[in-house]
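A short worksheet on the structure shown next.
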Amino acid sequence: MTRVLVLQGPNLNLLGTREPEIYGYESLDEIHAGIAKRARELGLDVDFFQSNHEGALIDRLHARDFEVAIVNAGGLTHTSVSLRDALVAVQRPFIEVHLSDPSRREPFRQVNLLHDVAAESIVGQGARGYHLALESIARRWGGVDA
């Protein structure tokens with residue numbers, strides 16, 4: 001069974017209450033419950049990790065106990081060379097997910113340090129983006145047909 005790490009960056013623990021007009025009304029726990037359900041349907045094993053601390057995210061990646069990751073790095077997408085380096089160093093494919101479409105927001109959000117090293121990027125689909133990522137993983141790296 002393909003093991004998937006869902007890595008969530010800073011401030012995503014505030015989903016549901018943080019700018020819901022941009023990020024939606026579902027809490028992170030609700031989003032994770034939906035991901036877990038869809039992963040089971042697709043025959044994928046999923047593990048979740050969220051932190052507001054860059055080093056904790058990097059340490060979690062260094063564990064290398066997953067085959068593929070879904071990464072929503074939040075604001076670190078635009079600033080963290082260290083997170084980018086860790087994603088490359090662990091030699092695991094990852095799909096980048098953003099609830100909103102950063103390219104349609106403030107100019108500083110248009111800098112994306114992860115896009116060119118991600119296997120795929122899914123943006124602007126809200127929580128559905130995680131499900132699309134799972135379906136892509138099932139097709140590309142194992143699981144039942146999406």
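By order in the structure tokens, chains are A, B, ...; within a chain, residues start at 1; ligands start at 1, following the order shown.
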- request: Please provide as an MDAnalysis selection string all residues within 8 Å of segment 32-35 of chain A, with the sequence filter that same-chain residues fewer than 5 positions apart are discarded (counting only C-alpha atoms).
  value: chainID A and resid 48 130:131 134
Same residues, all heavy atoms, saved as a tab-separated table (two decimals), in the first residue's frame:
```
chain	number	residue	atom	x	y	z
A	48	PHE	N	-0.71	12.38	8.50
A	48	PHE	CA	-0.83	13.83	8.48
A	48	PHE	C	0.18	14.47	9.41
A	48	PHE	O	0.47	13.96	10.49
A	48	PHE	CB	-2.23	14.26	8.94
A	48	PHE	CG	-3.33	13.72	8.08
A	48	PHE	CD1	-4.02	12.57	8.46
A	48	PHE	CD2	-3.68	14.33	6.90
A	48	PHE	CE1	-5.03	12.06	7.67
A	48	PHE	CE2	-4.69	13.84	6.10
A	48	PHE	CZ	-5.37	12.70	6.49
A	130	TYR	N	-6.89	18.41	-2.42
A	130	TYR	CA	-6.25	17.27	-1.77
A	130	TYR	C	-6.76	15.95	-2.36
A	130	TYR	O	-6.01	15.01	-2.54
A	130	TYR	CB	-6.50	17.29	-0.27
A	130	TYR	CG	-5.83	18.44	0.44
A	130	TYR	CD1	-6.56	19.55	0.84
A	130	TYR	CD2	-4.46	18.41	0.72
A	130	TYR	CE1	-5.96	20.61	1.50
A	130	TYR	CE2	-3.84	19.46	1.39
A	130	TYR	CZ	-4.60	20.55	1.77
A	130	TYR	OH	-3.99	21.60	2.42
A	131	HIS	N	-8.05	15.90	-2.65
A	131	HIS	CA	-8.64	14.70	-3.25
A	131	HIS	C	-8.10	14.48	-4.66
A	131	HIS	O	-7.81	13.34	-5.05
A	131	HIS	CB	-10.17	14.80	-3.25
A	131	HIS	CG	-10.75	14.83	-1.88
A	131	HIS	ND1	-11.65	13.89	-1.43
A	131	HIS	CD2	-10.55	15.68	-0.85
A	131	HIS	CE1	-11.98	14.16	-0.18
A	131	HIS	NE2	-11.33	15.24	0.19
A	134	LEU	N	-4.70	13.00	-4.26
A	134	LEU	CA	-4.78	11.57	-3.93
A	134	LEU	C	-5.08	10.73	-5.17
A	134	LEU	O	-4.48	9.67	-5.36
A	134	LEU	CB	-5.86	11.32	-2.88
A	134	LEU	CG	-5.57	11.77	-1.45
A	134	LEU	CD1	-6.83	11.65	-0.60
A	134	LEU	CD2	-4.42	10.97	-0.84
```
task: Might you pull out every residue within 12 Å of Arg104 of chain A, with only C-alpha atoms counted and same-chain residues fewer than 6 positions away left off, and present them as a ChimeraX atom specification?
output: /A:22,98,110-111,123-124
Residues at most 7 Å from Ala119 of chain A, counting only C-alpha atoms, excluding those fewer than 2 positions away in the same chain, as a PDB file with all heavy atoms, in the first residue's frame?
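selection04.pdb was written with the following content:
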```
ATOM      1  N   PRO A  93       8.723  11.874  -4.460  1.00  0.00           N
ATOM      2  CA  PRO A  93       7.887  12.803  -5.230  1.00  0.00           C
ATOM      3  C   PRO A  93       6.850  13.456  -4.333  1.00  0.00           C
ATOM      4  O   PRO A  93       6.430  12.875  -3.318  1.00  0.00           O
ATOM      5  CB  PRO A  93       7.223  11.889  -6.268  1.00  0.00           C
ATOM      6  CG  PRO A  93       7.263  10.523  -5.670  1.00  0.00           C
ATOM      7  CD  PRO A  93       8.479  10.470  -4.806  1.00  0.00           C
ATOM      8  N   PHE A  94       6.452  14.667  -4.719  1.00  0.00           N
ATOM      9  CA  PHE A  94       5.382  15.332  -3.970  1.00  0.00           C
ATOM     10  C   PHE A  94       4.501  16.129  -4.915  1.00  0.00           C
ATOM     11  O   PHE A  94       4.935  16.569  -5.978  1.00  0.00           O
ATOM     12  CB  PHE A  94       5.941  16.224  -2.849  1.00  0.00           C
ATOM     13  CG  PHE A  94       6.579  17.497  -3.297  1.00  0.00           C
ATOM     14  CD1 PHE A  94       5.862  18.690  -3.319  1.00  0.00           C
ATOM     15  CD2 PHE A  94       7.914  17.521  -3.684  1.00  0.00           C
ATOM     16  CE1 PHE A  94       6.468  19.875  -3.720  1.00  0.00           C
ATOM     17  CE2 PHE A  94       8.526  18.701  -4.086  1.00  0.00           C
ATOM     18  CZ  PHE A  94       7.804  19.886  -4.110  1.00  0.00           C
ATOM     19  N   ILE A  95       3.252  16.265  -4.483  1.00  0.00           N
ATOM     20  CA  ILE A  95       2.287  17.104  -5.182  1.00  0.00           C
ATOM     21  C   ILE A  95       2.026  18.309  -4.301  1.00  0.00           C
ATOM     22  O   ILE A  95       1.700  18.175  -3.118  1.00  0.00           O
ATOM     23  CB  ILE A  95       0.987  16.335  -5.492  1.00  0.00           C
ATOM     24  CG1 ILE A  95       1.284  15.191  -6.464  1.00  0.00           C
ATOM     25  CG2 ILE A  95      -0.080  17.283  -6.055  1.00  0.00           C
ATOM     26  CD1 ILE A  95       0.087  14.325  -6.802  1.00  0.00           C
ATOM     27  N   VAL A 117       9.984  21.849  -8.581  1.00  0.00           N
ATOM     28  CA  VAL A 117      10.462  20.549  -8.087  1.00  0.00           C
ATOM     29  C   VAL A 117       9.309  19.618  -7.711  1.00  0.00           C
ATOM     30  O   VAL A 117       9.535  18.459  -7.358  1.00  0.00           O
ATOM     31  CB  VAL A 117      11.463  20.699  -6.913  1.00  0.00           C
ATOM     32  CG1 VAL A 117      12.739  21.370  -7.410  1.00  0.00           C
ATOM     33  CG2 VAL A 117      10.856  21.445  -5.741  1.00  0.00           C
TER      34      VAL A 117
END
```
task: Could you find all residues in chain A that DSSP calls strand (DSSP E or B) from the backbone, and write them as a PyMOL selection string?
output: chain A and resi 3-8+45-50+68-72+94-98+120-123
Spatial neighbours of Glu96 of chain A, max dist 6 Å, only C-alpha atoms, sep filter under 5 positions, as a list of chain:residue names: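 Here the answer would be A:Ile70, A:Val71, A:Asn72, A:Ser121.
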query: Given the choices A:Val4, A:Leu87, A:Ala36, A:Leu99, which gets closest to Glu67 of chain A if the distance is worked out from only C-alpha atoms?
result: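 Ranking A:Val4, A:Leu87, A:Ala36, A:Leu99 by distance to Glu67 of chain A, first place goes to A:Val4.
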- request: Find the residue from A:Ser51, A:Leu83, A:Ser103, A:Ile58 that sits nearest to Ile122 of chain A; use only C-alpha atoms when measuring.
  value: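 Among the listed residues, A:Ser103 lies closest to Ile122 of chain A.
Residue nearest Leu61 of chain A within the list A:Ala39, A:Arg139, A:Gly75, A:Ala86: A:Ala86 [criterion: smallest interatomic distance, only C-alpha atoms].
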Filtered DSSP result for segment 29-138 of chain A, state alpha helix (DSSP H), as an MDAnalysis selection string: chainID A and resid 29:42 54:62 81:89 128:138
Quick one: write out the picked residues with N, CA and C atoms as a short mmCIF file (atom, residue, chain, number, x, y, z; two decimals), in the first residue's frame?
```
data_model
loop_
_atom_site.label_atom_id
_atom_site.label_comp_id
_atom_site.auth_asym_id
_atom_site.auth_seq_id
_atom_site.Cartn_x
_atom_site.Cartn_y
_atom_site.Cartn_z
N ASP A 29 -9.07 19.66 10.64
CA ASP A 29 -9.51 18.32 11.03
C ASP A 29 -10.57 17.78 10.07
N GLU A 30 -11.49 18.63 9.65
CA GLU A 30 -12.53 18.20 8.69
C GLU A 30 -11.90 17.86 7.34
N ILE A 31 -10.96 18.67 6.90
CA ILE A 31 -10.27 18.40 5.64
C ILE A 31 -9.51 17.07 5.75
N HIS A 32 -8.82 16.86 6.86
CA HIS A 32 -8.08 15.61 7.04
C HIS A 32 -9.01 14.41 7.08
N ALA A 33 -10.16 14.55 7.69
CA ALA A 33 -11.12 13.44 7.72
C ALA A 33 -11.55 13.08 6.29
N GLY A 34 -11.81 14.07 5.47
CA GLY A 34 -12.17 13.82 4.07
C GLY A 34 -11.04 13.19 3.29
N ILE A 35 -9.81 13.64 3.55
CA ILE A 35 -8.65 13.04 2.88
C ILE A 35 -8.50 11.58 3.29
N ALA A 36 -8.63 11.31 4.58
CA ALA A 36 -8.48 9.93 5.08
C ALA A 36 -9.52 9.01 4.45
N LYS A 37 -10.74 9.49 4.33
CA LYS A 37 -11.81 8.68 3.72
C LYS A 37 -11.49 8.39 2.26
N ARG A 38 -11.11 9.40 1.52
CA ARG A 38 -10.80 9.21 0.10
C ARG A 38 -9.58 8.33 -0.08
N ALA A 39 -8.58 8.47 0.78
CA ALA A 39 -7.39 7.64 0.70
C ALA A 39 -7.75 6.17 0.88
N ARG A 40 -8.61 5.86 1.84
CA ARG A 40 -9.05 4.47 2.04
C ARG A 40 -9.72 3.93 0.78
N GLU A 41 -10.58 4.75 0.18
CA GLU A 41 -11.27 4.33 -1.04
C GLU A 41 -10.28 4.02 -2.16
N LEU A 42 -9.18 4.74 -2.18
CA LEU A 42 -8.18 4.58 -3.24
C LEU A 42 -7.10 3.57 -2.89
N GLU A 54 9.06 25.79 10.50
CA GLU A 54 9.76 25.30 9.32
C GLU A 54 10.63 24.08 9.63
N GLY A 55 11.39 24.15 10.70
CA GLY A 55 12.28 23.04 11.06
C GLY A 55 11.54 21.76 11.36
N ALA A 56 10.38 21.86 11.98
CA ALA A 56 9.58 20.66 12.27
C ALA A 56 9.10 20.00 10.98
N LEU A 57 8.71 20.81 10.00
CA LEU A 57 8.30 20.27 8.70
C LEU A 57 9.47 19.56 8.03
N ILE A 58 10.65 20.17 8.09
CA ILE A 58 11.84 19.59 7.49
C ILE A 58 12.21 18.29 8.20
N ASP A 59 12.18 18.29 9.54
CA ASP A 59 12.47 17.07 10.30
C ASP A 59 11.49 15.95 9.94
N ARG A 60 10.22 16.29 9.75
CA ARG A 60 9.23 15.26 9.38
C ARG A 60 9.56 14.66 8.02
N LEU A 61 9.95 15.50 7.07
CA LEU A 61 10.35 14.98 5.76
C LEU A 61 11.56 14.07 5.87
N HIS A 62 12.51 14.44 6.72
CA HIS A 62 13.73 13.65 6.88
C HIS A 62 13.46 12.23 7.38
N VAL A 81 13.78 28.36 1.13
CA VAL A 81 14.76 27.58 0.38
C VAL A 81 15.04 26.28 1.14
N SER A 82 15.04 26.35 2.48
CA SER A 82 15.33 25.16 3.29
C SER A 82 14.29 24.07 3.10
N LEU A 83 13.02 24.43 3.04
CA LEU A 83 11.98 23.43 2.82
C LEU A 83 12.11 22.86 1.41
N ARG A 84 12.36 23.70 0.45
CA ARG A 84 12.59 23.23 -0.93
C ARG A 84 13.75 22.24 -0.96
N ASP A 85 14.86 22.59 -0.32
CA ASP A 85 16.02 21.71 -0.30
C ASP A 85 15.69 20.36 0.34
N ALA A 86 14.92 20.37 1.43
CA ALA A 86 14.53 19.12 2.09
C ALA A 86 13.65 18.27 1.18
N LEU A 87 12.72 18.90 0.48
CA LEU A 87 11.85 18.15 -0.43
C LEU A 87 12.66 17.48 -1.54
N VAL A 88 13.67 18.14 -2.02
CA VAL A 88 14.54 17.55 -3.04
C VAL A 88 15.43 16.47 -2.41
N ALA A 89 15.98 16.74 -1.24
CA ALA A 89 16.95 15.85 -0.61
C ALA A 89 16.38 14.50 -0.23
N ARG A 128 -10.95 20.29 -2.16
CA ARG A 128 -11.02 19.30 -3.24
C ARG A 128 -9.64 19.03 -3.85
N GLY A 129 -8.74 20.01 -3.78
CA GLY A 129 -7.40 19.85 -4.32
C GLY A 129 -6.66 18.67 -3.71
N TYR A 130 -6.89 18.41 -2.42
CA TYR A 130 -6.25 17.27 -1.77
C TYR A 130 -6.76 15.95 -2.36
N HIS A 131 -8.05 15.90 -2.65
CA HIS A 131 -8.64 14.70 -3.25
C HIS A 131 -8.10 14.48 -4.66
N LEU A 132 -7.96 15.56 -5.40
CA LEU A 132 -7.37 15.45 -6.74
C LEU A 132 -5.93 14.95 -6.66
N ALA A 133 -5.20 15.41 -5.66
CA ALA A 133 -3.83 14.94 -5.46
C ALA A 133 -3.81 13.45 -5.13
N LEU A 134 -4.70 13.00 -4.26
CA LEU A 134 -4.78 11.57 -3.93
C LEU A 134 -5.08 10.73 -5.17
N GLU A 135 -6.00 11.20 -5.98
CA GLU A 135 -6.36 10.46 -7.20
C GLU A 135 -5.17 10.38 -8.15
N SER A 136 -4.42 11.46 -8.26
CA SER A 136 -3.22 11.46 -9.09
C SER A 136 -2.19 10.47 -8.53
N ILE A 137 -2.01 10.45 -7.24
CA ILE A 137 -1.07 9.52 -6.60
C ILE A 137 -1.49 8.08 -6.86
N ALA A 138 -2.77 7.80 -6.72
CA ALA A 138 -3.26 6.43 -6.96
C ALA A 138 -2.97 6.00 -8.40
#
```
